[in-house]
Structure formats: C-alpha cells, structure tokens
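Visitor: Quick one: structure below, then a few questions.
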Amino acid sequence: MKFTLSWLKRHLETDAPLGKICEKLTAIGLEVESVDDPGMLYAPFKVALVEDAAPHPDADKLRVLQVKTAEGPKLQVVCGAPNARAGMKGIFAPEGTYIPGLDVTLKKTAIRGVESNGMMVSEREMCLSEEHNGIIEVDAHYEIGTPMAQIFGLDDPVIEINLTPNRPDCAGVYGIARDLAAAGLGKLRSLDCAAMPGSFPTPVGVQIEDQDGCKLFLGRSIRGVKNGPSPQWLQKLLKSVGLKPISALVDITNLMTLDVCRPLHVFDADKIAGDLVLRGAVPDERFEALDGETYALQPHMTAICDDNGVISLAGIMGGERTKCDEGTQNVFLEAAYFNPARIARTGRDLQISSDARYRFERGVDPAFTLAGIEMATRLILELCGGEAGEIVQAGETPQWEREITLDPAYTAQLTGVDVPAAEQKAILESLGFAVNGASPFTVQPPAWRGDVEGKADLAEEIIRIYGFEKIPSLSVHSETALPSPAETSLLARGRKARAALGARGLNESITWSFIGETQARHFGANDNQIAALRLKNPISLEMDVMRPSILPNLIEAAMRNNARGYPSAALCEIGPVYAGTKPEDQAIVATGIRAGEHGPRNWADANAARSVDLYDAKADALAALAACGAPIDNLQISRDAPSYYHPGRSGALRLGPNVMGFFGEIHPGILEETGVKFPVVGFEVFLQNIPAPRKKTGTEKPFLHLEPLQPLSRDFAFLVKEEVEAAAIIRAAMGADKALIRSADVFDIYTGKGIEPGKKSVALSVTLQPVEKSLTDKDIESLAQKVIESVCAKTGGTLRQ
C-alpha cells in the first residue's frame with residue numbers, strides 16, 4: 001500500500017515529521033517497507049540567477065555564464081542552451097552533484113579551454129520531461145536558493161507499508177490516518193458523506209440472482225457529464241503511487257479505491273442494454289475485460305450482465321463494451337458488497353490482479369457502501385458536472401454487528417501489561433469501537449474491522465496502540481547454573497530410537513502423514529472399529545486420510561526403490577500416526593521395514609544373502625526399545641499382532657497389558673493387492689508406551705561391569721507340546737532362580753524321528769552367574785534341578801533323556 005505524506009495529511013491533521021510518522025506506523029503494526037523521498041534526490045538543485053552571459057571565446061553555440069547562488073560567490077558555468085541569458089533564473093547543479101537524467105556526477109572541468117563549475121539543468125536532465133532544447137527557467141519571484149523540489153512539487157515523500165491480509169481497512173489512506181490518530185499522532189479529519197439527492201428516477205434497474213456472490217448492490221445514473229482529463233491535484237495523487245491518470249470518471253473511482261478503500265465502477269449508461277442482472281456465469285461464457293483480454297467464465301463467478309451479456313466481472317474488473325471514454329455523457333455508478341471468498345476464487349482462477357480484487361477479497365466495509373456512492377457522486381458532479389439520479393438498491397447490507405465481552409484484566413493476562421481500564425476504553429473508542437458498561441466491557445467492533453472476532457483481538461488492538469515497547473522485557477539468563485532441558489522425554493526417545501535404527505543399517509525416511517483410504521483400511525483403520533481420520537481439503541484424492549500406520553508409506557518407498565534398481569531396502573521413520581478422530585488417538589511411533597534380501601552376497605558364506613524374515617524385524621524393534629530404556633529382558637511376546645501382519649509370523653512386545661510394539665512379516669494378501677512382489681517385514685514401536693526408567697538409587701552397576709566370578713552355562717532339552725511358545729520356556733527357566741540365572745537362550749528346536757507326534761524338542765542354554773562365591777558341583781546340580789522343575793511345571797513338558 002503506497003501513499004504520499006501530503007495525501008495522508010488530507011485526512012490527518014498533524015505536525016509530526018516524516019521520521020516519527022514512519023516509526024509510529026511500524027509500531028502500531030503497519031510496517032513501513034520503504035520511504036521514497038524525491039526531495040532528497042533533488043536537494044542540491046536550487047534556484048540561481050544568471051548575472052551575465054558572454055559568448056564563449058572558442059565556440060559559437062556556447063555561453064560563459066556568471067551564476068549567483070545562495071551558497072557563496074559567483075560561479076562560472078559554460079552552457080550551450082539557446083535560452084541561457086543574463087537576468088534569468090534557473091536551476092543550478094553545483095560541482096559533485098549527481099544528475100539523474102544523465103547518470104553522471106558533475107566535476108569541475110574545462111570546456112574548450114574555459115573552466116566550468118557545475119551546470120544549469122534542463123527538464124530531461126532532471127527526469128521531469130523529455131524537453132532538452134533549453135535549461136529550466138523559473139519565475140522571477142522565486143528567491144535565489146529556493147529548492148527545486150519545492151517549486152515542482154517533488155518534496156512529497158512516498159511511503160509504502162506492508163499491509164497484512166487482516167487489515168483491509170488500511171488499504172485506504174483514510175484507514176491509515178485513523179490508526180495514527182488513535183495512536184496520538186494527530187487529529188482525524190471527518191469525511192463528507194452527505195447525501196446527494198437525486199433529481200430524476202434512475203432508468204436502469206438492478207436484480208440480484210446470485211445472492212451468495214452479491215449481498216448488496218447500489219447504483220445511480222448521472223447524466224450530462226463531461227469526461228475530460230482530471231484536474232492536476234487528482235492526477236498528481238495517482239501518479240505519486242504509480243497509477244496512470246485515464247479520465248476524470250475513471251480517476252475518481254481509482255481515488256475512492258485508494259483513499260477510502262471503496263472500490264466502485266462507472267459504466268457508460270448509453271452502452272447498457274436494458275436492466276442489470278447479477279448472476280452466476282454460464283460455463284465458458286466469454287467476457288472481454290478492460291485489460292484487453294477475453295476470459296472464459298465459470299458458474300462460481302459472479303457476472304454483472306445486461307440484455308446482451310456480461311458487461312463486468314463483479315469485484316474484479318469492468319468490461320470493454322461499457323467503458324467510459326471522452327465521448328461519455330451519461331454514466332451508471334455502481335457500489336456493491338461482494339462475497340470475499342468468491343472474489344478471491346474468481347481472481348485466482350482467472351489470474352487477474354486488480355486494486356478492486358485486492359480489497360474485495362479481504363473484505364471491505366459493508367456499511368460504507370451508501371456513503372461511498374454519495375462521496376463518488378459529489379466528486380463526479382464537481383469535476384464532470386451533470387445531474388444525479390436517484391439511487392437504486394438490490395439486496396441488503398449484510399449483518400456485521402456483533403458484541404464481544406472484554407474484562408480489562410484479560411488484557412494484562414494476555415499481554416503482560418497493566419493498561420488502566422479507562423485507557424483501554426479510550427483506545428478502543430478512538431479506533432471506532434463502541435464500548436459500553438464498566439467492567440467487563442461490552443464492545444461492538446466497527447463495520448470496517450471484520451477481522452476482530454474475540455477478546456484476544458481486542459487485547460491486541462489495545463496493546464498495539466498503547467505500545468508494544470511497553471511490554472516488560474524478561475532476562476533470558478537462567479537462574480540456575482544449567483538451563484532447563486528443552487527436550488521432552490518423548491523427543492529424547494525419538495532421538496535415541498533414530499540413532500539405534502541407523503546403527504542397524506536402516507535409512508531414515510520422511511513421508512507424508514496422509515495416505516489413501518484403501519491403504520488406511522489395510523493398515524489399522526478397521527482393527528478397532530474406528531473410522532479413518534478423513535481430510536476435508538486433501539492435496540490429492542490418493543492422500544485423503546491421516547495415516548493409521550507408517551508402514552504403507554515405507555512400503556511405497558521400497559517399491560519405488562525396487563523399480564529403480566534397488567531391490568533391497570531398509571527404511572525407518574519416527575513420526576505421528578492417527579488411530580482415530582480424537583487428539584488422544586495420535587501417537588508417535590518408530591516404524592521400520594526391511595525388504596528383499598538381508599545382507600550382501602558373500603563367496604565365503606552361501607547363506608549370507610538371505611531373504612528378510614521376522615527375526616530381523618524383531619531385532620530392530622528390540623534395538624529401538626533398548627535404546628529408549630525399555631526393560632527388554634522382561635518383555636513378553638504374544639501373538640496378537642494387528643491383522644496387517646502375517647498371522648503366524650508376527651508378534652507383539654508387551655509388559656503385561658502395555659503393548660510397546662509389533663513386529664513380523666507383512667500379510668501376503670496386502671502385499672499382493674498393492675503389487676509388492678518381494679518379501680517385506682516390519683515393526684512398530686510405540687514410544688509413548690515405554691515406561692519411564694526407575695529413579696537411580698546409587699547402587700546401580702556401571703554399564704561395563706565385569707563380575708569377579710566366572711559365569712558358566714548348562715544345556716537342557718525339553719519335550720513340550722508343539723503349541724508351547726519358546727518364550728514361555730525361557731520365562732520358566734529364568735524364574736527358577738532370579739539371583740543366579742543371568743540369561744536363557746533357545747539354540748535348537750527339533751521335530752521328527754524319535755519325537756512323538758504333536759511334540760517338539762526345545763534345547764535351552766542357561767547362563768549362571770555366581771555373585772558372592774563360586775558354585776560347587778552340588779550347587780550347580782541343585783540349580784539345574786530347579787530349572788527342570790520350573791519348566792516342567794509351567795509348560796507341561798519333560799526333560800528329554
């Protein structure tokens with residue numbers, strides 16, 4: 001948003017200097033991006049008097065001037081301008097001055113043997129025009145030393161602010177002045193919005209068919225206008241912000257847009273056929289716009305039409321067929337309120353950017369529609385003459401009134417600044433809010449502040465005017481020797497699991513948190529009879545639900561790797577999964593897969609390159625759990641893995657009812673349906689379910705602790721039923737003597753000759769670790785008997801002879 005200082009002062013009565021105004025704008029949230037002050041560029045150029053103009057001794061077309069300046073003695077200047085003469089006043093550029101039209105810096109020089117100090121400048125050299133047949137001549141009443149910028153009106157700085165999308169009220173200079181006045185930087189001048197009575201019925205009727213696209217439409221005819229060039233003051237305003245003056249009628253609508261944020265449009269009334277109808281466009285209906293382009297419209301676009309078709313694209317741009325030109329004598333003036341969302345979509349679809357679209361899509365003041373058409377009518381009558389007709393109306397002003405309750409204490413709670421209640425009320429009222437009651441206040445935001453929706457917005461309005469600089473600063477230094485850890489226990493587990501999985505050769509992946517609904521059904525969305533968390537606005541139809549598991553993402557990544565010549569994949573990801581629609585259904589999971597072969601082929605070991613299996617996934621899961629501090633020695637393995645795992649080659653890792661992970665082969669039916677032609681195993685570790693480590697008591701053994709007494713092992717073979725799990729045998733053996741038995745591992749399982757049907761032989765190696773003394777043969781035999789009794793009692797097995 002650009003405006004000049006003089007434009008601002010049309011609405012703000014202030015003596016504040018430019019620097020203070022810019023500082024205050026940034027302080028109240030209207031950040032100043034740049035200030036272009038042409039007066040600084042033209043500061044060295046001032047009025048000087050040519051006291052004498054003598055012919056050059058060595059050039060017929062040159063003159064040697066004696067120039068009197070305000071800075072000191074007369075200077076000699078060599079000049080070739082035909083209008084250079086004694087007694088004239090012109091603009092002098094001293095030595096060392098940058099000349100913008102020539103892109104040079106002046107130096108003292110000799111021209112044909114005559115010294116020249118500076119120069120008398122032309123309009124082209126000053127970038128004022130293309131005139132260069134003579135030097136600039138100013139009126140004799142200007143004093144010597146008068147700045148050139150003051151004479152030519154080049155001392156008006158242009159300010160550009162970075163306007164946030166929620167502040168369309170400041171897309172007009174008047175709104176900016178209102179904020180500055182509220183901040184104590186001057187007095188806001190009132191607008192003249194007096195009604196302009198109509199002297200005849202407007203012959204053009206208006207009907208709104210697209211009630212969603214247009215809530216209110218006002219129009220009036222003005223006849224007998226003369227559409228010539230706009231006056232210099234108006235042209236200067238528009239040129240200062242980069243707009244090209246077109247004609248008085250068009251320039252007035254541009255002025256209203258930039259000055260009071262009220263986009264309008266004028267139609268040549270003689271080119272309108274019949275009445276106006278605001279309707280949704282017909283699919284692919286053609287519209288020739290003022291920018292010279294022809295657009296294909298769609299039904300969601302609101303079109304302003306007469307009997308012959310579309311004459312304007314509502315809130316975006318007018319049409320070529322009904323534009324005003326120098327021959328226009330009768331006009332139809334439009335002021336309306338359009339649906340911001342519809343305007344934004346239309347402009348985006350058609351790739352049209354306009355000042356009207358910029359403001360309508362952000363939301364203009366609906367209550368200012370009538371005042372806007374009255375102001376524009378007055379300007380047209382003043383600048384173009386004519387006679388105004390009565391206003392015709394279709395629709396109603398949309399409901400904008402709302403009330404918000406604000407406790408003055410809430411402002412201090414939210415901002416940390418104790419603003420007196422009376423001052424809070426005064427600030428809100430200065431911004432146009434209606435404030436009633438004592439404490440709490442009942443506040444009604446003005447119509448131009450559609451962005452204010454709750455008490456937090458009111459607190460923000462108060463503190464930005466009161467001063468963000470008054471928020472107390474707090475020291476960042478810690479009161480303790482060490483700062484408090486910023487990493488939560490869950491983040492720490494994720495970091496440790498990531499490192500452990502990386503050490504096992506898995507490559508970390510980062511994938512989308514949403515997948516297709518079919519994948520969601522395969523991977524958990526139906527396991528607990530819950531619906532997938534569906535997205536209302538997905539980025540793709542194939543990614544329309546939040547993932548209940550990371551496994552499908554990793555499997556897809558493995559498929560892409562396989563298609564590009566990398567058949568074996570080892571991938572992992574630590575991220576969120578969504579098991580339902582409630583916040584508590586979200587969990588952070590360490591997930592990984594292995595696909596294809598495990599390990600490279602090796603000439604010394606024919607079995608080095610083998611297909612991945614569930615034990616690879618189990619080892620990965622245990623490594624992640626161990627890194628996170630889970631008591632993996634006490635974990636139990638059960639068969640209740642989810643349905644997307646192979647029912648006979650998968651398991652759950654748990655401590656009682658607390659499930660900490662799943663592992664196993666991915667169900668072959670799912671792999672077949674998704675087109676995966678290689679084996680895939682995977683695991684999921686639920687980091688939130690890992691119990692917190694016990695507090696240290698000071699008696700813990702160090703990580704690399706070596707017992708003074710030598711461990712020993714004993715082997716056992718038990719005959720058990722085929723359905724007995726190996727884990728149950730291990731737990732039974734470990735429970736025989738928890739003080740002396742360090743570990744128990746299965747090293748062989750046999751079925752076949754010598755083993756009766758329905759049973760299997762499980763060979764177990766039990767490691768004993770003496771603690772206080774070496775074990776005697778009798779102690780070892782007694783301990784072995786305990787192991788046998790425990791396993792037989794808990795599994796129903798017998799010792800194999």
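By convention in this document, the chains of the structure tokens carry letters A, B, ... by their order, each chain's residues are numbered from 1, and ligands are numbered from 1 in the order they are shown.
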From segment 31-183 of chain A, collect each residue whose DSSP state is strand (DSSP E) and return the set as a VMD selection string.

Guide: chain A and resid 31 to 36 46 to 56 59 to 68 75 to 79 89 to 93 98 to 99 104 to 105 109 to 111 114 to 116 119 to 120 158 to 162

Visitor: Fewer than 3 positions away in the same chain doesn't count, so skip those; otherwise give me all residues within 7 Å of segment 155-172 of chain A, counting only C-alpha atoms, as a PyMOL selection string.

Guide: chain A and resi 1-6+30-39+149-150+175-176+257-261+359+362-364+448-449+451

Visitor: Choose the residue, out of A:Val204, A:Cys324, A:Ile788, A:Ile343, that has the smallest atom-to-atom separation from Asp275 of chain A; count only C-alpha atoms.

Guide: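 Once distances to Asp275 of chain A are computed over only C-alpha atoms, the minimum belongs to A:Val204.
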
Visitor: Give the alpha helix (DSSP H) residues of segment 190-365 of chain A, as assigned by DSSP on the backbone, as an NGL selection string.

Guide: :A and (232-240 or 248-260 or 340-350 or 355-360)

Visitor: Go ahead and write the selection's residues with N, CA and C atoms as a compact mmCIF listing (two decimals), in the first residue's frame.

Guide:
```txt
# COMPACT_ATOMS: atom_id res chain seq x y z
N GLN A 232 -5.26 18.61 -12.02
CA GLN A 232 -3.87 18.30 -11.71
C GLN A 232 -3.70 17.71 -10.32
N TRP A 233 -4.46 18.18 -9.34
CA TRP A 233 -4.30 17.64 -7.98
C TRP A 233 -4.62 16.15 -7.93
N LEU A 234 -5.63 15.74 -8.72
CA LEU A 234 -6.00 14.33 -8.74
C LEU A 234 -4.97 13.52 -9.53
N GLN A 235 -4.54 14.04 -10.66
CA GLN A 235 -3.51 13.35 -11.43
C GLN A 235 -2.24 13.19 -10.62
N LYS A 236 -1.88 14.21 -9.87
CA LYS A 236 -0.66 14.15 -9.06
C LYS A 236 -0.76 13.06 -8.00
N LEU A 237 -1.93 12.95 -7.36
CA LEU A 237 -2.12 11.91 -6.35
C LEU A 237 -1.93 10.53 -6.96
N LEU A 238 -2.57 10.28 -8.09
CA LEU A 238 -2.49 8.96 -8.71
C LEU A 238 -1.09 8.66 -9.22
N LYS A 239 -0.45 9.65 -9.85
CA LYS A 239 0.90 9.43 -10.34
C LYS A 239 1.88 9.14 -9.21
N SER A 240 1.64 9.73 -8.06
CA SER A 240 2.58 9.56 -6.94
C SER A 240 2.65 8.12 -6.46
N ALA A 248 -11.34 11.73 -16.03
CA ALA A 248 -11.88 12.17 -14.75
C ALA A 248 -12.75 11.10 -14.09
N LEU A 249 -13.63 10.45 -14.86
CA LEU A 249 -14.53 9.45 -14.29
C LEU A 249 -13.76 8.26 -13.73
N VAL A 250 -12.82 7.75 -14.52
CA VAL A 250 -12.05 6.59 -14.07
C VAL A 250 -11.15 6.97 -12.91
N ASP A 251 -10.55 8.17 -12.98
CA ASP A 251 -9.65 8.60 -11.91
C ASP A 251 -10.39 8.76 -10.59
N ILE A 252 -11.66 9.16 -10.65
CA ILE A 252 -12.45 9.30 -9.41
C ILE A 252 -12.65 7.94 -8.75
N THR A 253 -12.95 6.91 -9.55
CA THR A 253 -13.13 5.58 -8.95
C THR A 253 -11.81 5.05 -8.39
N ASN A 254 -10.70 5.32 -9.05
CA ASN A 254 -9.40 4.92 -8.51
C ASN A 254 -9.09 5.67 -7.22
N LEU A 255 -9.44 6.95 -7.17
CA LEU A 255 -9.23 7.73 -5.95
C LEU A 255 -10.04 7.15 -4.80
N MET A 256 -11.30 6.80 -5.03
CA MET A 256 -12.12 6.23 -3.97
C MET A 256 -11.55 4.91 -3.47
N THR A 257 -10.99 4.11 -4.39
CA THR A 257 -10.41 2.83 -4.01
C THR A 257 -9.21 3.03 -3.10
N LEU A 258 -8.32 3.92 -3.48
CA LEU A 258 -7.08 4.12 -2.72
C LEU A 258 -7.27 4.99 -1.50
N ASP A 259 -8.23 5.92 -1.57
CA ASP A 259 -8.38 6.90 -0.50
C ASP A 259 -9.19 6.36 0.67
N VAL A 260 -10.35 5.75 0.38
CA VAL A 260 -11.23 5.29 1.46
C VAL A 260 -11.54 3.80 1.35
N PRO A 340 -16.30 -12.09 -0.23
CA PRO A 340 -14.83 -12.09 -0.36
C PRO A 340 -14.27 -13.41 -0.87
N ALA A 341 -14.82 -14.54 -0.40
CA ALA A 341 -14.29 -15.84 -0.82
C ALA A 341 -14.52 -16.07 -2.31
N ARG A 342 -15.68 -15.65 -2.81
CA ARG A 342 -15.98 -15.82 -4.23
C ARG A 342 -15.07 -14.94 -5.09
N ILE A 343 -14.83 -13.72 -4.63
CA ILE A 343 -13.93 -12.82 -5.38
C ILE A 343 -12.53 -13.41 -5.43
N ALA A 344 -12.05 -13.93 -4.28
CA ALA A 344 -10.70 -14.49 -4.24
C ALA A 344 -10.58 -15.68 -5.19
N ARG A 345 -11.58 -16.54 -5.20
CA ARG A 345 -11.53 -17.72 -6.08
C ARG A 345 -11.57 -17.32 -7.55
N THR A 346 -12.44 -16.34 -7.87
CA THR A 346 -12.53 -15.89 -9.26
C THR A 346 -11.22 -15.30 -9.74
N GLY A 347 -10.64 -14.41 -8.93
CA GLY A 347 -9.38 -13.80 -9.32
C GLY A 347 -8.26 -14.80 -9.46
N ARG A 348 -8.26 -15.79 -8.56
CA ARG A 348 -7.22 -16.82 -8.62
C ARG A 348 -7.39 -17.69 -9.86
N ASP A 349 -8.62 -18.08 -10.17
CA ASP A 349 -8.85 -18.95 -11.32
C ASP A 349 -8.53 -18.26 -12.64
N LEU A 350 -8.83 -16.98 -12.72
CA LEU A 350 -8.61 -16.25 -13.97
C LEU A 350 -7.25 -15.55 -14.01
N ASP A 355 -6.80 -3.66 -8.21
CA ASP A 355 -6.97 -2.99 -6.92
C ASP A 355 -8.31 -3.34 -6.29
N ALA A 356 -9.34 -3.50 -7.11
CA ALA A 356 -10.65 -3.85 -6.58
C ALA A 356 -10.63 -5.25 -5.98
N ARG A 357 -10.07 -6.21 -6.70
CA ARG A 357 -9.99 -7.57 -6.17
C ARG A 357 -9.22 -7.61 -4.86
N TYR A 358 -8.10 -6.89 -4.81
CA TYR A 358 -7.26 -6.88 -3.60
C TYR A 358 -8.08 -6.51 -2.37
N ARG A 359 -8.99 -5.57 -2.52
CA ARG A 359 -9.76 -5.09 -1.37
C ARG A 359 -11.01 -5.94 -1.13
N PHE A 360 -11.74 -6.29 -2.20
CA PHE A 360 -12.96 -7.07 -2.01
C PHE A 360 -12.66 -8.45 -1.42
```

Visitor: Contacts between segment 565-584 of chain A and segment 428-522 of chain A, please, where a residue of segment 428-522 of chain A counts if it comes within 6 Å (with only C-alpha atoms); show its shortest atom pair and distance in Å to one decimal, rows by chain and ascending number, as JSON lines.

Guide:
```
{"residue": "A:Leu506", "atom": "CA", "partner": "A:Ala570", "partner_atom": "CA", "distance": 4.8}
{"residue": "A:Asn507", "atom": "CA", "partner": "A:Leu571", "partner_atom": "CA", "distance": 4.8}
{"residue": "A:Glu508", "atom": "CA", "partner": "A:Cys572", "partner_atom": "CA", "distance": 4.8}
{"residue": "A:Ser509", "atom": "CA", "partner": "A:Glu573", "partner_atom": "CA", "distance": 5.3}
```

Visitor: Go ahead and write the selection's residues with N, CA, C and O atoms as a PDB file, in the first residue's frame.

Guide:
```pdb
ATOM      1  N   LEU A 506      19.431 -49.065   9.015  1.00  0.00           N
ATOM      2  CA  LEU A 506      18.202 -48.575   8.415  1.00  0.00           C
ATOM      3  C   LEU A 506      18.369 -47.106   8.022  1.00  0.00           C
ATOM      4  O   LEU A 506      18.982 -46.328   8.758  1.00  0.00           O
ATOM      5  N   ASN A 507      17.839 -46.751   6.875  1.00  0.00           N
ATOM      6  CA  ASN A 507      17.893 -45.379   6.390  1.00  0.00           C
ATOM      7  C   ASN A 507      16.611 -44.641   6.776  1.00  0.00           C
ATOM      8  O   ASN A 507      15.509 -45.126   6.525  1.00  0.00           O
ATOM      9  N   GLU A 508      16.776 -43.463   7.397  1.00  0.00           N
ATOM     10  CA  GLU A 508      15.597 -42.720   7.842  1.00  0.00           C
ATOM     11  C   GLU A 508      14.876 -42.097   6.648  1.00  0.00           C
ATOM     12  O   GLU A 508      15.494 -41.541   5.747  1.00  0.00           O
ATOM     13  N   SER A 509      13.556 -42.182   6.673  1.00  0.00           N
ATOM     14  CA  SER A 509      12.713 -41.592   5.635  1.00  0.00           C
ATOM     15  C   SER A 509      11.804 -40.553   6.273  1.00  0.00           C
ATOM     16  O   SER A 509      11.507 -40.609   7.464  1.00  0.00           O
TER      17      SER A 509
END
```

Visitor: I'd like the neighbourhood of Leu490 of chain A as a count of residues only, where a residue qualifies if any of its atoms comes within 12 Å (using only C-alpha atoms), though same-chain residues fewer than 4 positions away should be ignored.

Guide: 21

Visitor: In Å, with one decimal, what is the gap from atom CA of Arg742 of chain A to atom CA of Glu772 of chain A?

Guide: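 Pair atom CA of Arg742 of chain A / atom CA of Glu772 of chain A returns 14.3 Å.
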
Visitor: Could you check which of A:Gly228, A:Gly29, A:Pro147, A:Pro366 is closest to Asn339 of chain A, using only C-alpha atoms?

Guide: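 Among A:Gly228, A:Gly29, A:Pro147, A:Pro366, it is A:Pro366 that comes nearest to Asn339 of chain A.
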
Visitor: I'd like the neighbourhood of Val114 of chain A as a PDB file with C-alpha atoms, in the first residue's frame, where a residue qualifies if any of its atoms comes within 12 Å (using only C-alpha atoms), though same-chain residues fewer than 4 positions away should be ignored.

Guide:
```
ATOM      1  CA  ALA A  54      29.059  36.192 -22.553  1.00  0.00           C
ATOM      2  CA  PRO A  55      29.915  34.351 -25.775  1.00  0.00           C
ATOM      3  CA  HIS A  56      32.435  31.519 -25.479  1.00  0.00           C
ATOM      4  CA  PRO A  57      35.784  32.568 -26.990  1.00  0.00           C
ATOM      5  CA  ASP A  58      36.202  29.298 -28.871  1.00  0.00           C
ATOM      6  CA  ALA A  59      32.635  28.051 -29.613  1.00  0.00           C
ATOM      7  CA  LEU A  62      28.303  28.116 -26.060  1.00  0.00           C
ATOM      8  CA  ARG A  63      27.869  30.840 -23.452  1.00  0.00           C
ATOM      9  CA  VAL A  64      30.012  31.604 -20.419  1.00  0.00           C
ATOM     10  CA  LEU A  65      27.625  32.367 -17.586  1.00  0.00           C
ATOM     11  CA  GLN A  76      31.486  30.473 -13.888  1.00  0.00           C
ATOM     12  CA  VAL A  77      29.437  27.969 -15.881  1.00  0.00           C
ATOM     13  CA  VAL A  78      29.768  27.038 -19.562  1.00  0.00           C
ATOM     14  CA  CYS A  79      26.312  26.420 -21.071  1.00  0.00           C
ATOM     15  CA  LYS A 108      34.941  20.842 -12.317  1.00  0.00           C
ATOM     16  CA  THR A 109      36.107  20.757 -15.906  1.00  0.00           C
ATOM     17  CA  ALA A 110      37.314  22.886 -18.806  1.00  0.00           C
TER      18      ALA A 110
END
```

Visitor: Which residue is closest to Ala269 of chain A? Choose from A:Val310, A:Ile91, A:Met301, A:Gly224 and count only C-alpha atoms.

Guide: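 Smallest distance to Ala269 of chain A is found for A:Gly224.
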
Visitor: In Å, with one decimal, what is the gap from atom CA of Asp284 of chain A to atom CA of His300 of chain A?

Guide: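 So the answer is 11.4 Å.
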
Visitor: For Ile404 of chain A, please output as number ranges by chain all residues within 8 Å (counting only C-alpha atoms; exclusion window: fewer than 4 positions along the same chain).

Guide: A: 442-444, 453-455

Visitor: Convert the current residue selection to file output with all heavy atoms, as a compact mmCIF listing (two decimals), in the first residue's frame.

Guide:
```txt
# COMPACT_ATOMS: atom_id res chain seq x y z
N THR A 442 -18.73 -4.28 27.20
CA THR A 442 -19.40 -4.87 26.05
C THR A 442 -18.96 -4.06 24.83
O THR A 442 -19.27 -2.87 24.73
CB THR A 442 -20.93 -4.83 26.20
OG1 THR A 442 -21.30 -5.58 27.36
CG2 THR A 442 -21.60 -5.44 24.98
N VAL A 443 -18.24 -4.70 23.93
CA VAL A 443 -17.59 -4.00 22.83
C VAL A 443 -18.22 -4.42 21.51
O VAL A 443 -18.39 -5.62 21.25
CB VAL A 443 -16.07 -4.29 22.80
CG1 VAL A 443 -15.39 -3.50 21.69
CG2 VAL A 443 -15.44 -3.97 24.15
N GLN A 444 -18.56 -3.42 20.69
CA GLN A 444 -19.05 -3.69 19.33
C GLN A 444 -18.02 -3.19 18.33
O GLN A 444 -17.79 -1.99 18.21
CB GLN A 444 -20.39 -3.01 19.08
CG GLN A 444 -20.99 -3.35 17.73
CD GLN A 444 -22.29 -2.63 17.45
OE1 GLN A 444 -22.30 -1.45 17.13
NE2 GLN A 444 -23.40 -3.36 17.60
N GLU A 453 -12.71 -10.75 16.10
CA GLU A 453 -13.72 -11.77 16.37
C GLU A 453 -13.85 -12.14 17.84
O GLU A 453 -14.84 -12.74 18.23
CB GLU A 453 -13.39 -13.04 15.57
CG GLU A 453 -13.39 -12.82 14.06
CD GLU A 453 -12.98 -14.07 13.31
OE1 GLU A 453 -12.44 -14.99 13.96
OE2 GLU A 453 -13.21 -14.13 12.09
N GLY A 454 -12.85 -11.83 18.67
CA GLY A 454 -12.91 -12.24 20.07
C GLY A 454 -12.12 -11.30 20.96
O GLY A 454 -11.52 -10.31 20.51
N LYS A 455 -12.10 -11.63 22.25
CA LYS A 455 -11.46 -10.74 23.21
C LYS A 455 -9.94 -10.68 23.03
O LYS A 455 -9.31 -9.67 23.35
CB LYS A 455 -11.82 -11.17 24.63
CG LYS A 455 -11.40 -12.60 25.00
CD LYS A 455 -11.84 -12.93 26.41
CE LYS A 455 -11.41 -14.35 26.81
NZ LYS A 455 -11.82 -14.67 28.20
```

Visitor: Quick check, in Å to one decimal: how far apart do atom CA of Ala503 of chain A and atom CA of Gly651 of chain A lie?

Guide: 23.3 Å

Visitor: Could you check which of A:Leu431, A:Ile311, A:Ala84, A:Leu614 is closest to Glu51 of chain A, using only C-alpha atoms?

Guide: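 Of all the options, A:Ala84 lies closest to Glu51 of chain A.
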